[in-house]
$ cat input.cif   # mmCIF, C-alpha atoms
data_run
loop_
_atom_site.label_atom_id
_atom_site.label_comp_id
_atom_site.auth_asym_id
_atom_site.auth_seq_id
_atom_site.Cartn_x
_atom_site.Cartn_y
_atom_site.Cartn_z
CA MET D 1086 28.58 27.26 -45.94
CA LYS D 1087 26.55 25.14 -43.49
CA THR D 1088 24.80 21.86 -44.16
CA THR D 1089 22.86 19.70 -41.73
CA LYS D 1090 22.29 16.02 -42.46
CA GLN D 1091 21.26 12.94 -40.54
CA TYR D 1092 24.32 10.68 -40.51
CA LEU D 1093 24.53 7.03 -39.55
CA PHE D 1094 27.58 7.46 -37.39
CA GLN D 1095 28.57 4.35 -35.48
CA THR D 1096 26.81 3.85 -32.18
CA LEU D 1097 28.38 0.97 -30.33
CA LEU D 1098 25.69 0.70 -27.68
CA ILE D 1099 22.93 2.85 -26.24
CA LEU D 1100 20.77 1.29 -23.54
CA VAL D 1101 17.51 2.58 -22.11
CA THR D 1102 17.41 1.92 -18.38
CA VAL D 1103 15.41 2.84 -15.32
CA ALA D 1104 17.14 5.98 -14.17
CA LEU D 1105 14.10 7.49 -12.50
CA ALA D 1106 13.29 7.26 -8.81
CA ALA D 1107 9.54 7.72 -9.36
CA PRO D 1108 7.13 4.75 -9.08
CA GLN D 1109 6.45 2.94 -12.32
CA TRP D 1110 2.67 2.85 -11.97
CA VAL D 1111 -0.17 5.14 -10.95
CA LEU D 1112 -2.44 3.59 -8.32
CA ALA D 1113 -5.69 5.11 -7.07
CA ALA D 1114 -7.61 2.45 -5.18
CA ALA D 1115 -11.15 1.88 -6.42
CA THR D 1116 -13.98 2.43 -3.94
CA PRO D 1117 -15.46 -0.88 -2.74
CA PRO D 1118 -19.20 -1.24 -3.36
CA ALA D 1119 -21.46 -0.33 -0.45
CA SER D 1120 -22.57 -3.22 1.76
CA ASN D 1121 -25.78 -4.92 0.65
CA ASN D 1122 -26.53 -5.98 4.22
CA TYR D 1123 -27.87 -9.25 2.89
CA THR D 1124 -28.88 -11.98 5.29
CA LYS D 1125 -25.96 -14.37 5.16
CA ALA D 1126 -26.26 -17.65 3.31
CA CYS D 1127 -26.98 -20.74 5.44
CA THR D 1128 -28.97 -18.68 7.93
CA SER D 1129 -31.89 -20.75 9.22
CA ILE D 1130 -35.09 -18.75 9.45
CA THR D 1131 -37.92 -20.24 11.54
CA ASN D 1132 -41.42 -18.95 12.14
CA VAL D 1133 -44.57 -20.04 14.04
CA ALA D 1134 -48.05 -18.66 13.36
CA ASN D 1135 -50.51 -18.31 16.27
CA ILE D 1136 -54.28 -18.06 16.23
CA GLU D 1137 -56.59 -16.90 18.99
CA PHE D 1138 -60.34 -17.62 18.85
CA SER D 1139 -63.42 -18.18 20.94
CA VAL D 1140 -66.46 -20.47 20.75
CA ASN D 1141 -69.83 -19.16 21.92
CA GLY D 1142 -68.04 -16.35 23.65
CA ALA D 1143 -65.66 -18.62 25.44
CA VAL D 1144 -61.96 -17.96 24.74
CA GLN D 1145 -60.25 -21.07 23.48
CA PRO D 1146 -56.56 -22.00 23.86
CA THR D 1147 -54.17 -20.31 21.43
CA GLY D 1148 -53.57 -22.38 18.34
CA HIS D 1149 -50.13 -22.87 16.82
CA SER D 1150 -49.35 -23.58 13.18
CA GLY D 1151 -46.25 -25.54 13.91
CA VAL D 1152 -42.69 -24.48 13.08
CA SER D 1153 -42.00 -23.36 9.51
CA SER D 1154 -38.33 -23.07 8.52
CA PHE D 1155 -36.08 -22.58 5.53
CA ILE D 1156 -32.39 -21.99 4.78
CA VAL D 1157 -31.27 -18.73 3.14
CA GLY D 1158 -29.61 -19.55 -0.14
CA ASN D 1159 -26.58 -18.18 -1.95
CA LYS D 1160 -27.16 -15.00 -3.98
CA ILE D 1161 -23.96 -14.89 -6.04
CA ASN D 1162 -22.78 -11.47 -7.15
CA LEU D 1163 -19.39 -9.83 -7.65
CA VAL D 1164 -17.76 -6.64 -8.94
CA VAL D 1165 -14.33 -6.13 -10.57
CA GLN D 1166 -12.89 -2.61 -10.83
CA SER D 1167 -9.57 -1.24 -12.06
CA ASN D 1168 -7.41 0.28 -9.33
CA ASP D 1169 -5.39 2.24 -11.91
CA ALA D 1170 -6.45 5.86 -12.35
CA ALA D 1171 -4.30 6.18 -15.46
CA ASP D 1172 -2.42 3.96 -17.90
CA VAL D 1173 0.30 2.16 -15.95
CA THR D 1174 3.67 3.49 -17.10
CA VAL D 1175 6.36 0.86 -17.67
CA LEU D 1176 9.97 1.26 -18.77
CA PRO D 1177 11.67 -0.87 -21.44
CA GLY D 1178 12.75 -4.26 -20.13
CA SER D 1179 11.03 -3.82 -16.74
CA THR D 1180 9.70 -7.07 -15.29
CA ASN D 1181 6.65 -8.26 -13.35
CA GLN D 1182 4.77 -4.99 -13.83
CA PRO D 1183 1.25 -5.02 -12.28
CA LEU D 1184 -2.15 -3.83 -13.40
CA SER D 1185 -4.15 -3.62 -10.17
CA PHE D 1186 -7.83 -4.53 -9.74
CA LEU D 1187 -10.30 -4.56 -6.84
CA LEU D 1188 -12.42 -7.73 -6.65
CA SER D 1189 -15.47 -7.45 -4.38
CA ASN D 1190 -17.82 -10.17 -3.15
CA THR D 1191 -21.23 -8.47 -3.27
CA GLY D 1192 -23.15 -11.69 -2.59
CA ASN D 1193 -24.05 -13.26 0.73
CA ALA D 1194 -21.81 -16.35 0.93
CA ARG D 1195 -18.10 -17.03 1.21
CA GLN D 1196 -16.56 -17.58 -2.26
CA GLN D 1197 -13.34 -18.11 -4.14
CA TYR D 1198 -12.71 -16.68 -7.62
CA MET D 1199 -10.82 -18.06 -10.58
CA LEU D 1200 -8.94 -15.28 -12.38
CA THR D 1201 -7.98 -15.22 -16.05
CA TYR D 1202 -6.71 -12.48 -18.35
CA LEU D 1203 -7.47 -11.42 -21.89
CA SER D 1204 -4.94 -9.62 -24.09
CA GLN D 1205 -6.90 -7.12 -26.13
CA SER D 1206 -6.46 -6.84 -29.89
CA SER D 1207 -5.08 -3.84 -31.73
CA GLY D 1208 -7.49 -0.93 -31.78
CA VAL D 1209 -9.24 -1.59 -28.43
CA VAL D 1210 -8.90 1.61 -26.43
CA SER D 1211 -7.57 2.11 -22.92
CA PRO D 1212 -10.38 2.70 -20.38
CA THR D 1213 -8.47 5.61 -18.82
CA SER D 1214 -6.70 7.40 -21.69
CA GLY D 1215 -8.82 6.36 -24.65
CA VAL D 1216 -5.65 5.55 -26.65
CA ALA D 1217 -5.83 2.44 -28.82
CA ASP D 1218 -3.95 -0.76 -28.06
CA SER D 1219 -0.87 -1.07 -30.28
CA MET D 1220 1.42 -3.59 -28.59
CA ASP D 1221 1.59 -6.68 -26.38
CA MET D 1222 3.47 -7.09 -23.14
CA LEU D 1223 5.62 -10.19 -22.58
CA ASN D 1224 4.81 -13.20 -20.36
CA PRO D 1225 1.48 -11.87 -19.01
CA GLY D 1226 -0.20 -13.72 -16.16
CA VAL D 1227 -2.63 -13.33 -13.26
CA GLY D 1228 -1.04 -12.92 -9.85
CA SER D 1229 2.40 -13.40 -11.43
CA ILE D 1230 3.89 -13.58 -14.90
CA ASN D 1231 3.28 -16.67 -17.05
CA THR D 1232 0.26 -17.72 -14.95
CA SER D 1233 -2.81 -18.38 -17.11
CA THR D 1234 -5.29 -18.92 -14.26
CA TYR D 1235 -5.18 -18.18 -10.55
CA THR D 1236 -7.72 -18.99 -7.83
CA THR D 1237 -8.02 -16.53 -4.97
CA VAL D 1238 -8.29 -17.13 -1.25
CA ASP D 1239 -11.76 -17.29 0.30
CA VAL D 1240 -13.52 -13.93 0.21
CA ASN D 1241 -16.33 -13.18 2.67
CA PRO D 1242 -19.46 -11.24 1.71
CA ASP D 1243 -19.04 -7.46 1.56
CA THR D 1244 -15.26 -7.94 1.39
CA SER D 1245 -12.80 -6.84 -1.31
CA ILE D 1246 -9.33 -8.04 -2.27
CA THR D 1247 -6.69 -6.62 -4.61
CA VAL D 1248 -5.64 -8.83 -7.53
CA THR D 1249 -3.29 -8.17 -10.43
CA ILE D 1250 -2.30 -8.94 -13.97
CA ASN D 1251 1.49 -8.97 -14.24
CA ALA D 1252 3.69 -8.77 -17.34
CA ASN D 1253 7.16 -7.86 -18.59
CA ALA D 1254 7.79 -4.89 -20.86
CA PRO D 1255 9.47 -5.34 -24.27
CA ALA D 1256 13.13 -4.33 -24.44
CA VAL D 1257 12.62 -1.95 -27.37
CA PRO D 1258 9.02 -0.69 -27.34
CA ALA D 1259 7.66 2.34 -29.15
CA ASN D 1260 7.41 5.29 -26.79
CA GLY D 1261 3.82 5.76 -25.65
CA ALA D 1262 2.59 2.40 -26.97
CA ILE D 1263 -0.52 1.02 -25.21
CA ALA D 1264 -1.30 -2.58 -24.20
CA VAL D 1265 -4.87 -3.18 -22.96
CA TYR D 1266 -5.71 -6.19 -20.77
CA THR D 1267 -8.92 -7.52 -19.19
CA LEU D 1268 -9.14 -9.33 -15.85
CA VAL D 1269 -12.00 -11.84 -15.65
CA ALA D 1270 -13.14 -13.24 -12.29
CA GLU D 1271 -15.40 -16.33 -12.18
CA THR D 1272 -17.12 -17.35 -8.93
CA ARG D 1273 -15.93 -20.65 -7.40
CA LYS D 1274 -16.76 -22.63 -4.26
CA ALA D 1275 -15.07 -21.49 -1.07
CA GLY D 1276 -12.36 -23.73 0.29
CA SER D 1277 -11.94 -25.83 -2.83
CA GLY D 1278 -11.91 -23.63 -5.89
CA ALA D 1279 -14.26 -26.11 -7.56
CA ALA D 1280 -16.79 -24.83 -10.07
CA GLU D 1281 -19.85 -23.35 -8.43
CA SER D 1282 -23.17 -25.19 -8.76
CA GLY D 1283 -25.27 -23.97 -11.66
CA ASN D 1284 -27.66 -21.04 -11.66
CA ASN D 1285 -31.03 -21.70 -9.95
CA SER D 1286 -29.71 -24.95 -8.53
CA THR D 1287 -29.33 -26.44 -5.08
CA GLY D 1288 -25.86 -27.15 -3.81
CA ALA D 1289 -23.26 -26.87 -1.09
CA ILE D 1290 -22.71 -23.39 0.32
CA THR D 1291 -20.14 -22.01 2.74
CA ASP D 1292 -21.25 -19.20 5.05
CA SER D 1293 -19.07 -16.36 6.33
CA THR D 1294 -18.06 -18.39 9.39
CA GLY D 1295 -16.88 -21.36 7.35
CA ALA D 1296 -19.91 -23.53 8.13
CA THR D 1297 -21.56 -25.32 5.23
CA CYS D 1298 -25.11 -26.06 4.25
CA SER D 1299 -27.14 -27.14 1.25
CA ALA D 1300 -29.44 -24.47 -0.17
CA ASP D 1301 -30.58 -22.66 -3.27
CA ILE D 1302 -27.97 -20.99 -5.50
CA VAL D 1303 -28.84 -18.06 -7.76
CA TYR D 1304 -26.49 -16.13 -10.05
CA ALA D 1305 -27.56 -12.53 -9.48
CA ASN D 1306 -25.10 -10.51 -11.57
CA THR D 1307 -27.27 -8.64 -14.05
CA VAL D 1308 -25.26 -5.52 -14.94
CA VAL D 1309 -22.76 -6.24 -17.70
CA SER D 1310 -20.79 -3.46 -19.40
CA ALA D 1311 -20.29 -3.19 -23.15
CA ALA D 1312 -16.62 -4.04 -22.63
CA SER D 1313 -17.52 -7.19 -20.68
CA ILE D 1314 -19.99 -8.24 -23.36
CA ALA D 1315 -17.25 -7.77 -25.96
CA ASP D 1316 -15.06 -10.03 -23.81
CA GLY D 1317 -17.69 -12.80 -23.83
CA LEU D 1318 -19.46 -12.21 -20.51
CA VAL D 1319 -23.25 -12.30 -20.17
CA ALA D 1320 -25.75 -11.49 -17.44
CA ARG D 1321 -26.15 -14.13 -14.70
CA ASP D 1322 -22.93 -16.00 -15.51
CA ALA D 1323 -21.31 -15.48 -12.05
CA LYS D 1324 -18.48 -13.56 -13.72
CA ALA D 1325 -17.25 -9.98 -13.73
CA SER D 1326 -14.43 -8.17 -15.54
CA ALA D 1327 -12.60 -4.88 -15.91
CA ARG D 1328 -9.93 -3.49 -18.21
CA SER D 1329 -6.72 -1.59 -17.60
CA ALA D 1330 -3.74 -0.66 -19.77
CA TYR D 1331 0.04 -0.39 -19.81
CA LYS D 1332 1.82 2.56 -21.43
CA THR D 1333 5.47 2.28 -22.36
CA MET D 1334 7.82 5.14 -21.57
CA SER D 1335 11.01 4.86 -23.58
CA ALA D 1336 13.88 7.17 -24.36
CA VAL D 1337 13.33 9.01 -27.63
CA LEU D 1338 16.84 9.73 -28.87
CA SER D 1339 17.58 11.77 -31.95
CA PHE D 1340 21.01 11.79 -33.61
CA SER D 1341 22.37 14.32 -36.03
CA LYS D 1342 25.73 15.32 -37.41
CA ALA D 1343 26.04 18.81 -38.86
CA ALA D 1344 28.95 19.83 -41.11
CA THR D 1345 30.00 23.49 -41.47
CA THR D 1346 32.86 24.71 -43.67
CA LEU D 1347 35.02 27.16 -41.66
CA TRP D 1348 37.94 27.86 -44.01
CA ASP D 1349 39.44 26.91 -47.34
CA PRO D 1350 42.93 27.59 -48.77
CA ILE D 1351 41.61 29.84 -51.55
CA ASN D 1352 38.91 31.93 -49.90
CA GLY D 1353 40.18 31.77 -46.34
CA ASN D 1354 37.19 32.23 -44.05
CA THR D 1355 35.31 34.46 -46.48
CA SER D 1356 32.49 32.29 -47.88
CA PRO D 1357 34.68 29.17 -47.64
CA LYS D 1358 33.93 26.11 -49.76
CA ALA D 1359 34.36 22.41 -49.03
CA ILE D 1360 37.34 21.83 -51.30
CA PRO D 1361 40.58 19.90 -50.68
CA GLY D 1362 42.47 21.56 -47.84
CA ALA D 1363 39.27 23.07 -46.35
CA LEU D 1364 38.55 22.99 -42.61
CA ILE D 1365 35.22 21.39 -41.76
CA ARG D 1366 33.53 21.53 -38.35
CA TYR D 1367 31.43 18.58 -37.28
CA VAL D 1368 28.88 18.79 -34.45
CA VAL D 1369 27.43 15.44 -33.34
CA THR D 1370 24.21 15.87 -31.33
CA ILE D 1371 22.39 13.32 -29.17
CA ALA D 1372 19.09 14.61 -27.78
CA ASN D 1373 16.57 12.85 -25.52
CA ALA D 1374 13.03 14.14 -26.09
CA ALA D 1375 11.09 15.86 -23.33
CA GLY D 1376 8.65 13.58 -21.56
CA SER D 1377 10.53 10.38 -22.36
CA ALA D 1378 12.49 8.00 -20.14
CA SER D 1379 16.13 8.54 -19.26
CA ALA D 1380 18.68 6.86 -21.51
CA THR D 1381 21.99 5.46 -20.32
CA LEU D 1382 24.61 6.11 -22.98
CA THR D 1383 27.66 3.89 -22.97
CA THR D 1384 29.90 4.39 -25.99
CA VAL D 1385 29.46 6.50 -29.12
CA SER D 1386 32.01 6.32 -31.93
CA ASP D 1387 32.66 8.01 -35.24
CA THR D 1388 35.05 6.63 -37.86
CA LEU D 1389 36.70 9.25 -40.08
CA GLY D 1390 36.87 8.32 -43.73
CA GLY D 1391 40.16 8.30 -45.67
CA SER D 1392 39.33 11.67 -47.21
CA MET D 1393 39.52 13.46 -43.85
CA THR D 1394 42.22 14.24 -41.31
CA LEU D 1395 41.39 15.24 -37.74
CA ASP D 1396 42.64 18.74 -36.90
CA PRO D 1397 44.34 18.67 -33.46
CA ASP D 1398 42.98 22.10 -32.48
CA LEU D 1399 39.49 23.53 -32.56
CA ARG D 1400 39.84 26.76 -34.54
CA VAL D 1401 38.16 30.10 -33.94
CA ALA D 1402 36.52 31.09 -37.21
CA ALA D 1403 37.36 34.76 -36.86
CA ALA D 1404 38.66 37.06 -39.60
CA CYS D 1405 42.33 36.39 -40.33
CA GLY D 1406 43.15 39.20 -42.77
CA SER D 1407 42.87 39.25 -46.54
CA ALA D 1408 42.35 35.94 -48.31
CA PRO D 1409 43.98 33.63 -48.61
CA CYS D 1410 45.17 33.32 -45.03
CA ALA D 1411 46.94 30.33 -43.56
CA LEU D 1412 45.05 27.78 -41.50
CA THR D 1413 47.52 28.44 -38.72
CA ALA D 1414 46.25 32.02 -38.60
CA LEU D 1415 43.04 30.77 -37.05
CA ALA D 1416 43.59 30.76 -33.31
CA ALA D 1417 42.90 27.67 -31.24
CA GLU D 1418 39.60 27.88 -29.34
CA SER D 1419 41.19 26.29 -26.27
CA VAL D 1420 44.71 25.20 -25.42
CA VAL D 1421 46.71 23.72 -28.31
CA GLY D 1422 46.01 20.00 -28.68
CA SER D 1423 42.43 20.19 -27.37
CA GLY D 1424 40.61 19.27 -30.53
CA PHE D 1425 37.33 18.05 -28.99
CA LYS D 1426 34.60 20.03 -27.26
CA ALA D 1427 31.69 18.41 -25.42
CA SER D 1428 28.72 19.97 -23.69
CA VAL D 1429 25.41 18.98 -22.13
CA SER D 1430 22.36 21.18 -21.87
CA GLY D 1431 18.74 21.02 -20.72
CA GLY D 1432 19.45 19.37 -17.38
CA THR D 1433 20.87 20.05 -13.93
CA ARG D 1434 24.33 18.44 -13.96
CA VAL D 1435 26.70 20.27 -11.60
CA GLY D 1436 29.92 18.34 -12.23
CA THR D 1437 29.97 16.54 -8.88
CA SER D 1438 32.40 13.87 -10.10
CA GLY D 1439 34.34 16.00 -12.53
CA GLY D 1440 32.06 15.45 -15.48
CA LEU D 1441 30.26 17.93 -17.69
CA VAL D 1442 28.36 20.80 -16.12
CA ASN D 1443 25.04 21.80 -17.63
CA GLY D 1444 25.54 24.61 -20.13
CA THR D 1445 29.34 24.74 -19.79
CA PRO D 1446 31.54 23.35 -22.61
CA LYS D 1447 34.57 21.28 -21.73
CA TYR D 1448 37.60 20.60 -23.96
CA PHE D 1449 39.38 17.29 -24.48
CA THR D 1450 42.67 16.37 -26.13
CA THR D 1451 42.91 14.60 -29.46
CA ALA D 1452 45.24 12.05 -27.87
CA SER D 1453 44.26 8.69 -26.43
CA ASP D 1454 44.51 9.53 -22.74
CA ALA D 1455 41.32 8.23 -21.08
CA ASP D 1456 39.82 11.70 -20.66
CA GLY D 1457 36.50 10.56 -22.11
CA VAL D 1458 37.06 11.39 -25.78
CA GLU D 1459 39.78 9.38 -27.50
CA PHE D 1460 41.21 9.35 -31.01
CA VAL D 1461 43.03 6.33 -32.40
CA SER D 1462 43.02 6.98 -36.13
CA PRO D 1463 40.57 6.69 -37.74
CA LEU D 1464 38.25 6.07 -34.76
CA ILE D 1465 36.87 8.72 -32.41
CA THR D 1466 35.39 7.20 -29.24
CA LEU D 1467 33.27 8.99 -26.63
CA THR D 1468 32.90 7.19 -23.29
CA ALA D 1469 29.68 8.47 -21.75
CA ALA D 1470 30.34 7.30 -18.19
CA THR D 1471 33.49 9.46 -18.12
CA LEU D 1472 31.87 12.57 -19.60
CA LEU D 1473 28.62 12.00 -17.72
CA PRO D 1474 29.59 10.33 -14.42
CA VAL D 1475 27.43 10.00 -11.31
CA ASP D 1476 26.26 13.50 -10.45
CA ALA D 1477 24.25 15.13 -7.65
CA GLY D 1478 22.31 17.08 -10.24
CA GLY D 1479 21.23 19.86 -7.90
CA GLY D 1480 18.77 17.56 -6.14
CA THR D 1481 17.89 15.34 -9.12
CA PRO D 1482 20.72 12.77 -9.07
CA TYR D 1483 22.20 11.21 -12.21
CA THR D 1484 23.56 7.74 -12.75
CA ALA D 1485 26.69 7.28 -14.86
CA GLY D 1486 26.02 7.93 -18.54
CA GLU D 1487 22.46 9.07 -17.93
CA LEU D 1488 20.87 11.50 -20.38
CA LYS D 1489 17.58 12.62 -18.89
CA ALA D 1490 14.49 13.64 -20.83
CA GLY D 1491 14.98 17.05 -22.42
CA GLU D 1492 18.79 16.89 -22.33
CA THR D 1493 21.18 17.23 -25.26
CA LEU D 1494 24.80 16.07 -25.50
CA THR D 1495 27.04 17.50 -28.23
CA LEU D 1496 30.53 16.63 -29.45
CA THR D 1497 32.39 19.12 -31.66
CA PHE D 1498 35.61 18.54 -33.68
CA ASP D 1499 37.31 19.79 -36.87
CA VAL D 1500 38.71 17.90 -39.85
CA THR D 1501 40.54 18.96 -42.99
CA VAL D 1502 39.63 17.63 -46.43
CA ASN D 1503 42.51 15.67 -47.92
#

$ encode --input "input.cif" --output "structure tokens"
Amino acid sequence: MKTTKQYLFQTLLILVTVALAAPQWVLAAATPPASNNYTKACTSITNVANIEFSVNGAVQPTGHSGVSSFIVGNKINLVVQSNDAADVTVLPGSTNQPLSFLLSNTGNARQQYMLTYLSQSSGVVSPTSGVADSMDMLNPGVGSINTSTYTTVDVNPDTSITVTINANAPAVPANGAIAVYTLVAETRKAGSGAAESGNNSTGAITDSTGATCSADIVYANTVVSAASIADGLVARDAKASARSAYKTMSAVLSFSKAATTLWDPINGNTSPKAIPGALIRYVVTIANAAGSASATLTTVSDTLGGSMTLDPDLRVAAACGSAPCALTALAAESVVGSGFKASVSGGTRVGTSGGLVNGTPKYFTTASDADGVEFVSPLITLTAATLLPVDAGGGTPYTAGELKAGETLTLTFDVTVN
């Protein structure tokens, strides 16, 4: 008879850690806008008109209009683009994780930009994956965590800089959860970060050489996306914005404990029943889902209730003659006294440091002897760092206790019903 149930066996501590060597974000730099080739602000343009004429056939001296001049004003424009080609993957508890943006000065004067961020509400979708926002990161900021506003360095016309939103990941996030954020850039005066003069005004301007002048100022940004409008931006406000999103990658561990009756004192091993004196096999399984983050297991424990006694030997459930047969007639699966069996599958462990090898079971004594599986009645304790030590992994190294995505660890032992 075989039954499979989900048991709440004691788990002393399971931590999800960064056990992957891969980068934690995907970065594909945005293409800067093409140069507008605007005449630079503060350029002085002068012009003289000439006239040639004659009187009664006689050529007269060339006439001059006098010098006409004006100063080229500041045509303010800017573009913000996400540098992230996909949702930025972050691991639980990781800190100072960046969303990257490209900020381009598409005007004709030197400018600074004040940066702010917006945390999007639940339901707003990621611009790259289309998956809805379902969580918030911790301590978000612009340029660094916990920074509500940040003013950039001076940016010359037709020049781009990379700016970021940074945040910490929750310690226990849902796997695959999305957090959408918006970066807003507002044009400011070069050199000071002071608010820019109003639209269609006259004010101080800094050219691309650092020289200053007083001239007309026009806010020229006219293209505003639906997302920017939703975030409160309007045409000709000297602002621009873009969205990007975090995606959490956590370990997805499943736990199960299956009980199978191997033998009873009345029926032997022929359709045995779970009655007093019966031999029950337990298989505890810890599986990490494919596509998730690695988990670092530390200690797993199972406390046997007073109605069970640990059998010191794993038994082979082979035929033992006519029923009833004695429990001792069932041969030990390994050497006498090795009552625990552990195995790992789905990975590439090669046993570099004497730990488990992928696909190969290993037996452990039922004594307390620091072999990785200990029994001090009524507590069974599995020490993951001993069973799963640092391992070369056939080219994909393991840290101590690491259970990679797609791997399964099992612990098998027998008990008798009192």

$ resolve_selection --input "input.cif" --expression "the PyMOL selection byres ((chain D and resi 1336) around 12)" --output "ChimeraX atom specification"
/D:1099-1105,1175-1177,1256-1261,1333-1335,1337-1339,1371-1382,1487-1492

$ residues_around --input "input.cif" --residues "Gly1295 (chain D)" --least-positions-apart "5" --cutoff "9 Å" --atoms "only C-alpha atoms" --output "ChimeraX atom specification"
/D:1195,1275-1276

$ residues_around --input "input.cif" --residues "region 1187-1190 of chain D" --least-positions-apart "4" --cutoff "7 Å" --atoms "all atoms listed in the file" --output "PyMOL selection string"
chain D and resi 1115+1117+1162-1168+1240-1248

$ resolve_selection --input "input.cif" --expression "the PyMOL selection byres ((chain D and resi 1447-1457) around 9)" --output "MDAnalysis selection string"
chainID D and resid 1395:1398 1419:1428 1440:1442 1445:1446 1458:1461 1465:1472

$ closest_residue --input "input.cif" --among "D:Tyr1235, D:Phe1340, D:Phe1138, D:Trp1348" --to "Ala1403 (chain D)" --atoms "all atoms listed in the file"
D:Trp1348

$ closest_residue --input "input.cif" --among "D:Val1435, D:Leu1318, D:Val1401, D:Met1220" --to "Thr1481 (chain D)" --atoms "all atoms listed in the file"
D:Val1435

$ atom_distance --input "input.cif" --atom1 "CA of Asn1284 (chain D)" --atom2 "CA of Asp1322 (chain D)"
7.9 Å

$ closest_residue --input "input.cif" --among "D:Ile1351, D:Ala1254, D:Val1265, D:Cys1298" --to "Gly1178 (chain D)" --atoms "all atoms listed in the file"
D:Ala1254

$ resolve_selection --input "input.cif" --expression "the PyMOL selection byres ((chain D and resi 1200-1207) around 7)" --output "ChimeraX atom specification"
/D:1198-1199,1208-1209,1217-1219,1226-1227,1233-1236,1265-1271

$ residues_around --input "input.cif" --residues "Gln1182 (chain D)" --least-positions-apart "5" --cutoff "9 Å" --atoms "all atoms listed in the file" --output "list in words"
Gln1109, Trp1110, Val1173, Val1175, Ile1230, Ile1250, Asn1251, Ala1252, Asn1253, Ala1254 and Tyr1331 of chain D

$ atom_distance --input "input.cif" --atom1 "CA of Ala1330 (chain D)" --atom2 "CA of Met1222 (chain D)"
10.2 Å

$ closest_residue --input "input.cif" --among "D:Pro1255, D:Gly1278, D:Gly1158, D:Pro1409" --to "Tyr1304 (chain D)" --atoms "all atoms listed in the file"
D:Gly1158

$ decode --input "input.cif" --residues "region 1223-1255 of chain D" --atoms "C-alpha atoms" --output "short mmCIF file (atom, residue, chain, number, x, y, z; two decimals), in the first residue's frame"
data_model
loop_
_atom_site.label_atom_id
_atom_site.label_comp_id
_atom_site.auth_asym_id
_atom_site.auth_seq_id
_atom_site.Cartn_x
_atom_site.Cartn_y
_atom_site.Cartn_z
CA LEU D 1223 12.57 48.12 -1.32
CA ASN D 1224 14.34 51.48 -0.83
CA PRO D 1225 14.05 52.66 -4.46
CA GLY D 1226 15.95 55.76 -5.53
CA VAL D 1227 17.49 57.53 -8.51
CA GLY D 1228 21.24 57.12 -8.91
CA SER D 1229 21.33 55.16 -5.64
CA ILE D 1230 18.86 53.61 -3.23
CA ASN D 1231 16.79 55.87 -0.96
CA THR D 1232 17.41 58.92 -3.17
CA SER D 1233 14.16 60.67 -4.11
CA THR D 1234 15.67 63.20 -6.54
CA TYR D 1235 19.02 63.45 -8.28
CA THR D 1236 20.40 66.19 -10.53
CA THR D 1237 22.74 65.12 -13.31
CA VAL D 1238 25.99 66.64 -14.48
CA ASP D 1239 25.88 69.12 -17.37
CA VAL D 1240 24.89 67.47 -20.64
CA ASN D 1241 25.86 69.08 -23.95
CA PRO D 1242 23.55 69.12 -26.98
CA ASP D 1243 23.44 65.87 -28.97
CA THR D 1244 24.96 64.06 -25.99
CA SER D 1245 23.55 61.14 -23.96
CA ILE D 1246 24.25 59.86 -20.46
CA THR D 1247 23.23 56.68 -18.65
CA VAL D 1248 21.15 57.10 -15.49
CA THR D 1249 19.54 54.55 -13.20
CA ILE D 1250 16.81 53.73 -10.75
CA ASN D 1251 18.22 51.52 -7.99
CA ALA D 1252 16.39 49.37 -5.46
CA ASN D 1253 16.73 46.37 -3.15
CA ALA D 1254 14.84 43.13 -3.72
CA PRO D 1255 12.53 41.71 -1.02
#
